[in-house]
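These notes are about the structure you will find just below.
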Amino acid sequence: MHGLTAELFPICRSITGQGVRETLGHIQNRIPISIHEVPSGTQVFDWIVPSEWNIRDAYIKNLRGERVVDFLQSNLHVVGYSSPVRRRMRFSELKQHLHTLPDHPDWIPYRTSYYKESWGFCLSHNQLLRLTDEEYDVCIDATLTEGHLTYGEILLPGQIQDEVLISTHVCHPSLCNDNLSGIAVATWLTEWLRAQPRRYSYRVLFIPATIGSITWLSRHQDEAARIKHGLVLTGIGDAGPCTYKKSRRGNTEIDRAIVHALTHSGISHNVTDFIPYGYDERQYCSPGFNLAVGCLSRTPHSQYPEYHTSADNLDFVKPQALAESLGVCQTAIEILEGNKTYLNQNPRCEPQLGKRGLYRAIGGQAGEKSMEMAMLWVLNLSDGHHTLLDIAERSQLPFAAVARAASDLIAHALLAPVPERSPAA
Amino acid sequence: MHGLTAELFPICRSITGQGVRETLGHIQNRIPISIHEVPSGTQVFDWIVPSEWNIRDAYIKNLRGERVVDFLQSNLHVVGYSSPVRRRMRFSELKQHLHTLPDHPDWIPYRTSYYKESWGFCLSHNQLLRLTDEEYDVCIDATLTEGHLTYGEILLPGQIQDEVLISTHVCHPSLCNDNLSGIAVATWLTEWLRAQPRRYSYRVLFIPATIGSITWLSRHQDEAARIKHGLVLTGIGDAGPCTYKKSRRGNTEIDRAIVHALTHSGISHNVTDFIPYGYDERQYCSPGFNLAVGCLSRTPHSQYPEYHTSADNLDFVKPQALAESLGVCQTAIEILEGNKTYLNQNPRCEPQLGKRGLYRAIGGQAGEKSMEMAMLWVLNLSDGHHTLLDIAERSQLPFAAVARAASDLIAHALLAPVPERSPAA
Amino acid sequence: MHGLTAELFPICRSITGQGVRETLGHIQNRIPISIHEVPSGTQVFDWIVPSEWNIRDAYIKNLRGERVVDFLQSNLHVVGYSSPVRRRMRFSELKQHLHTLPDHPDWIPYRTSYYKESWGFCLSHNQLLRLTDEEYDVCIDATLTEGHLTYGEILLPGQIQDEVLISTHVCHPSLCNDNLSGIAVATWLTEWLRAQPRRYSYRVLFIPATIGSITWLSRHQDEAARIKHGLVLTGIGDAGPCTYKKSRRGNTEIDRAIVHALTHSGISHNVTDFIPYGYDERQYCSPGFNLAVGCLSRTPHSQYPEYHTSADNLDFVKPQALAESLGVCQTAIEILEGNKTYLNQNPRCEPQLGKRGLYRAIGGQAGEKSMEMAMLWVLNLSDGHHTLLDIAERSQLPFAAVARAASDLIAHALLAPVPERSPAA
């Protein structure tokens, strides 16, 4: 995953343009996503798909011809969606278009101006201090024209049409944690899902933030209704603790599955309530959709200084953190897949597990063995009102142990699925 | 408010009599309350309006003619509702009618005997120690005769008949915090309410404790049914933290409004559950009424040594505490007035706030701006199931910010009131 | 109670056999329980009543004729339900049948093998270390033959058929806390119940663990449906804090009654949630019954090293602990008996308690008197929706004070029972 991150790092992405297409191409080398193009000007709910932005070069040159700020050195140097400029100007005018971080004088900030026509440069504060009150040649060789919004999508069909959504944004330039980490984990998760038997269908979206999810939702309202559980993956590769932000509904199955996975993962983690600020969960959880979509990150976006700066680089993302995050997603999906309701077939008193070889022979020893406990819990709570996740939560046992116990009990005819109600009944 | 307190301090009040009338007269100088008289002997639920008590003078004189205890020095010296006495008696007999506070030897306690005919004097313990075993002339020049129970009332009509009740007791003699502080805050609150646009109608009662609220409730059962929210104000002027005692129902709108106001006030405060002991909320919250009435105080009545003693004087009540308490009431009333439910008019994904000038133009900056957050919260939760107070509680933003955001969104047609259901529908 | 414990201590009990009969005989000397015999081979739900096990003698003798392990010294020396053996064998073979506790080298462990034919000896680790690699004569003079499972039962009828179940196990040999303590408390509780007026009927079971409750439940499904509240008593005599394990349903009246009794007892205690491991509550709380049965102990079974060893002896059980545990049971039963719902007959405002002599005459004193508070709470919450236990919990007053207040109020016609609904209505 860190390799894919490194591969994608140099590309200059924005919410539209060649950078996104190039990025989706790299993903397509690994998983068969389809690529969709939506024309500029398309109305998507309250928004309009913007013009497509492409940039070839940009610089600030002194009159001696030296590039004192150079887009080719870092694509963060240009404010995203800057309109084209090619003009000589005094420093006093130029200065109003420069963004720096005085508290981190070596870092370049990341800034955008998608919906208000504007231009600007981002540079390190030390760079700014070296500029003098002279004239500069300023060039942003960009185009902002009719074009398309581009996104990638893959649907992995399962036994049922109910869907699990994985969504990650692809619109940030050379920033690693935000969000090449999300792209990498979503790609690996998709590869893993393709090889798994699937009860649910899985839809994975690689989209520009905000306008991408709004565009997809506005054009797929029927599909959106099939999404039963969802996850936005973002900023998921730094060394901080995992952070799960719950869905707006707050106690849905995906919320409980992720919290359970984190609790039993041994990974340091925090769980926070939904707030209507953050990533694309804002759109999925808008009141007209109110989908069960949470957001999995490591350190929350506004709580690390490297956020949206050139310091969010390849060193900032850790291979182990990516692997852990992927593991949490996989465990949560295993929970969703296995979370069914069963009926104890011998509900009056315990069945005699011993005669079936399911219980230790010599009694009287202190202590409880975990697989036996899992079986006792599953038997005790399988009254038709508790799912396996309910049982795992109440017993504080890992879901996998509970699911394994259920499977053993089914094999001995002590447990059976709750019969499906026939539609005619 | 402290001035009114000082003005009312010398008056000898009880649950009936001229002291109450005189007090209500002073209030009438500021706000146009009506004064009601209910005859002694009137049955009010399980109680009977008692005889009217008036007192002109009282003393204990030694045989040298010196007043060793003198009502004219402090009206606390006489047990409230003492029956008339004029007799010479030995100290051994007199002693059984004397009340002191040995732990606070300079303070005079406050005692009453409303419903059992009795008489007595209260004095400082040091005064008691100076009395010798001789004969004394004892005089209580009081009358306990057919008369009236007197209370003050004002109704400020609003757009709707649903009422907010403010109730404060007026039956304590020279005690400042309990309850001249309540009288002062209720008076100022009424003045402020008269100048406000009002959705609710407001009823303010200045009544003797217990028998006053029982009398009012027994004669206004129809009006009582209109009371949707209410507050008893008492002991609201000392320097201690604010204390809000919740209504019997415990999670009503007034409870939440006061708790919200306190939380965002910066004032140190405590919130306690209802108990059926205290002030007139006991009657308003009796099971046959069960009104949403809580009680706002500073230090709870039994938790400061000055309570019901001569030390509850003008120094004990602080102008700043009175002002803070008034402010909490005003904020809570603003919440009740503004606490409506709205519908997001663009519920599918977020509306584009930026194009309406409601959102910052340059993206990518860390941190959340509070007015933008308030708008996002209002939009996200305005699904017809959340009031603005629900939204303020969940977002942990001040109600005023949420109400302001709602107002801005209404101005941009992004939010609309939930349509009233027509009675015919 | 400690005397009965001492009396029963030497008897070799198991889940069937003469030891159980002898034990029940001792109990019958105090309370008139009936003794029931269920034949071996009887199907009881998923289980079969096992063969009856009786043992006369057992030993390991060296070739010099010395008994190096001797059942007559401690009945813990033989693994419960050992099949008969009489054979000379080398130490290497014998060793596989020996159980010790290396961490507690002076203690003999307690082991059983009820449902898998096997034999073995338990001995102190120090005894084991003294054995040498020679030949031994091994004898277990036991029979494992068709016979009966034996249990004791008493039903104390009350005004209504609804039952309270007390269940304790009688199948452990010379172990005091587990469970002669339970037998002793259940016996004393029964004696006390016989002398009490009873609203509920009480059923007390003295049964072998697991197979005993399964047998009783399988043969008394109608009676089981009448059990409204129940308690398993076990390990209730050690010096540790009381532990109450709640019923599977978790907030039933028995759960609340025991928690309330413990809270006001002054005894150090813990309350834990139900888990499907432990004692006969496992069967009573199986999903097909789901009875409101909790389990009262002192230190939980797996949390003291003496558990299931020879150190669980007469010194380990404390007379004071037994008395305290009995007291908790009695208080909880008094709560169940008295926990009714009443209606305030004067629900609009408070009734005037003073004129009925129920309230102090001289007002104005700080502090609340507890009986007056109990009356105010009962009046305030007796709206038909709160039982006396609800009121005790909310007021944090002891149930006895609340019940006494209710009784005083009934005597003054201020409170009346909620009228029974007639079946025809």
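Residue numbering restarts at 1 in every chain; chains get A, B, ... in the order shown in the structure tokens, and ligands count up from 1 in that same order.
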**Study point:** Interface list for chain B, partner chain A, 12 Å threshold, only C-alpha atoms, as number ranges by chain
**Key:** B: 343-357, 359-370, 372-386, 391, 394-397, 414
So that I can check the surroundings of region 101-103 of chain A, please list as a list in words every protein, DNA and RNA residue that reaches within 9 Å of it, counting only C-alpha atoms and ignoring chain neighbours fewer than 3 positions away. Asp106, Trp107, Ile108, Pro109, Leu123, Ser124, His125, Asn126 and Thr309 of chain A
For the selection just defined, write its residues with C-alpha atoms to a file, as a CSV table (one decimal), in the first residue's frame.
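And here's selection-v8.csv as it stands now:
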```csv
chain,number,residue,atom,x,y,z
A,106,ASP,CA,9.7,25.2,6.2
A,107,TRP,CA,6.3,23.8,5.2
A,108,ILE,CA,4.2,24.7,2.1
A,109,PRO,CA,0.5,25.0,2.9
A,123,LEU,CA,5.1,28.7,-0.3
A,124,SER,CA,7.2,28.1,2.8
A,125,HIS,CA,7.4,31.1,5.1
A,126,ASN,CA,11.2,31.0,4.7
A,309,THR,CA,0.8,20.9,4.3
```
I'd like the contact shell of Trp188 (chain A) - 8 Å cut-off, only C-alpha atoms, skipping same-chain residues fewer than 3 positions apart - returned as an mmCIF file with N, CA, C and O atoms, in the first residue's frame.
```
data_model
loop_
_atom_site.group_PDB
_atom_site.id
_atom_site.type_symbol
_atom_site.label_atom_id
_atom_site.label_comp_id
_atom_site.auth_asym_id
_atom_site.auth_seq_id
_atom_site.Cartn_x
_atom_site.Cartn_y
_atom_site.Cartn_z
ATOM 1 N N MET A 1 0.829 -1.199 0.000
ATOM 2 C CA MET A 1 0.000 0.000 0.000
ATOM 3 C C MET A 1 0.863 1.248 0.000
ATOM 4 O O MET A 1 0.560 2.229 -0.672
ATOM 5 N N ALA A 184 -5.147 3.919 -1.063
ATOM 6 C CA ALA A 184 -4.406 2.648 -0.973
ATOM 7 C C ALA A 184 -5.215 1.607 -0.207
ATOM 8 O O ALA A 184 -5.363 0.460 -0.641
ATOM 9 N N VAL A 185 -5.783 1.990 0.948
ATOM 10 C CA VAL A 185 -6.535 1.020 1.745
ATOM 11 C C VAL A 185 -7.785 0.563 0.981
ATOM 12 O O VAL A 185 -8.108 -0.629 0.952
ATOM 13 N N GLU A 191 -9.391 -5.474 -3.523
ATOM 14 C CA GLU A 191 -8.729 -6.716 -3.967
ATOM 15 C C GLU A 191 -9.115 -7.880 -3.070
ATOM 16 O O GLU A 191 -9.411 -8.981 -3.537
ATOM 17 N N TRP A 192 -9.104 -7.647 -1.761
ATOM 18 C CA TRP A 192 -9.449 -8.704 -0.795
ATOM 19 C C TRP A 192 -10.911 -9.120 -0.964
ATOM 20 O O TRP A 192 -11.240 -10.310 -1.005
ATOM 21 N N LEU A 326 -6.375 -1.370 7.290
ATOM 22 C CA LEU A 326 -6.984 -2.366 6.405
ATOM 23 C C LEU A 326 -7.574 -3.511 7.226
ATOM 24 O O LEU A 326 -8.702 -3.965 6.970
#
```
For Gln96 (chain B), list every protein, DNA or RNA residue within 12 Å, evaluated using only C-alpha atoms, and leave out those in the same chain fewer than 2 positions away; present the list as a list in words.
->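 So, after excluding close chain neighbours, the residues are Met89, Arg90, Phe91, Ser92, Glu93, Leu94, Leu98, His99, Thr100, Ser118, Trp119, Gly120, Phe121, Cys122 and Leu128 of chain B.
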For the alpha helix (DSSP H) assignment from backbone DSSP, which residues of region 124-284 of chain C qualify? Please present them as number ranges by chain. C: 125-130, 182-194, 211-219, 221-226, 253-263, 281-284
Could you write those residues out with C-alpha atoms, as a compact mmCIF listing (two decimals), in the first residue's frame?
```txt
# COMPACT_ATOMS: atom_id res chain seq x y z
CA HIS C 125 1.21 -31.69 46.04
CA ASN C 126 3.42 -32.43 49.03
CA GLN C 127 1.84 -35.91 49.27
CA LEU C 128 2.61 -36.46 45.61
CA LEU C 129 6.23 -35.47 46.09
CA ARG C 130 6.60 -38.13 48.77
CA GLY C 182 -25.93 -21.99 50.67
CA ILE C 183 -27.67 -24.95 52.31
CA ALA C 184 -27.45 -23.29 55.72
CA VAL C 185 -28.79 -19.91 54.57
CA ALA C 186 -31.59 -21.53 52.56
CA THR C 187 -32.59 -23.62 55.58
CA TRP C 188 -32.67 -20.64 57.94
CA LEU C 189 -34.48 -18.52 55.35
CA THR C 190 -37.11 -21.24 55.04
CA GLU C 191 -37.57 -21.39 58.78
CA TRP C 192 -38.06 -17.62 58.86
CA LEU C 193 -40.47 -17.69 55.89
CA ARG C 194 -42.62 -20.33 57.58
CA ILE C 211 -28.63 -32.02 36.57
CA GLY C 212 -30.83 -31.22 39.58
CA SER C 213 -32.26 -28.00 38.22
CA ILE C 214 -32.60 -29.55 34.75
CA THR C 215 -34.47 -32.50 36.28
CA TRP C 216 -36.76 -30.28 38.33
CA LEU C 217 -37.49 -27.93 35.40
CA SER C 218 -38.20 -30.78 33.00
CA ARG C 219 -40.75 -32.26 35.40
CA GLN C 221 -42.84 -26.81 33.54
CA ASP C 222 -46.21 -25.60 34.79
CA GLU C 223 -44.83 -24.67 38.18
CA ALA C 224 -41.86 -22.97 36.55
CA ALA C 225 -44.26 -20.62 34.79
CA ARG C 226 -45.47 -19.43 38.20
CA GLU C 253 -37.91 -6.92 40.45
CA ILE C 254 -35.68 -9.48 42.19
CA ASP C 255 -32.61 -7.80 40.70
CA ARG C 256 -33.76 -4.43 41.95
CA ALA C 257 -34.83 -5.82 45.33
CA ILE C 258 -31.45 -7.41 46.01
CA VAL C 259 -29.54 -4.37 44.77
CA HIS C 260 -31.68 -2.14 46.97
CA ALA C 261 -31.20 -4.42 49.98
CA LEU C 262 -27.44 -4.48 49.44
CA THR C 263 -27.23 -0.72 48.89
CA GLU C 281 -29.24 -19.76 37.26
CA ARG C 282 -27.78 -21.01 33.96
CA GLN C 283 -30.75 -23.35 33.65
CA TYR C 284 -33.42 -21.06 35.13
```
Go through region 125-308 of chain C and collect every residue that DSSP, computed from the backbone, puts in strand (DSSP E); the answer should be as a PyMOL selection string. chain C and resi 135-145+148-156+163-169+201-207+227-233+242-245+269-272+293-297
Separating CA of Glu7 (chain B) from CA of Ala58 (chain B), to the nearest tenth of an Å, is a gap of 22.6 Å
| said: If we count only C-alpha atoms and set the cut-off at 9 Å, which residues sit around Leu63 (chain C), ignoring sequence neighbours fewer than 3 positions away in its own chain? Please answer as a ChimeraX atom specification. | reply: /C:66,134-137
Atom pair CA of Ile166 (chain C) + CA of Gly230 (chain C), distance 5.8 Å
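For Ala400 (chain A), the non-local neighbours within 10 Å, defined as residues at least 3 positions apart in the same chain or in other chains and counting only C-alpha atoms, are Ala261, Thr331, Glu334, Ile335, Gly338, Ala374, Leu388, Leu389, Ala392, Leu397, Ala403, Arg404, Ala405 and Ala406 of chain A.
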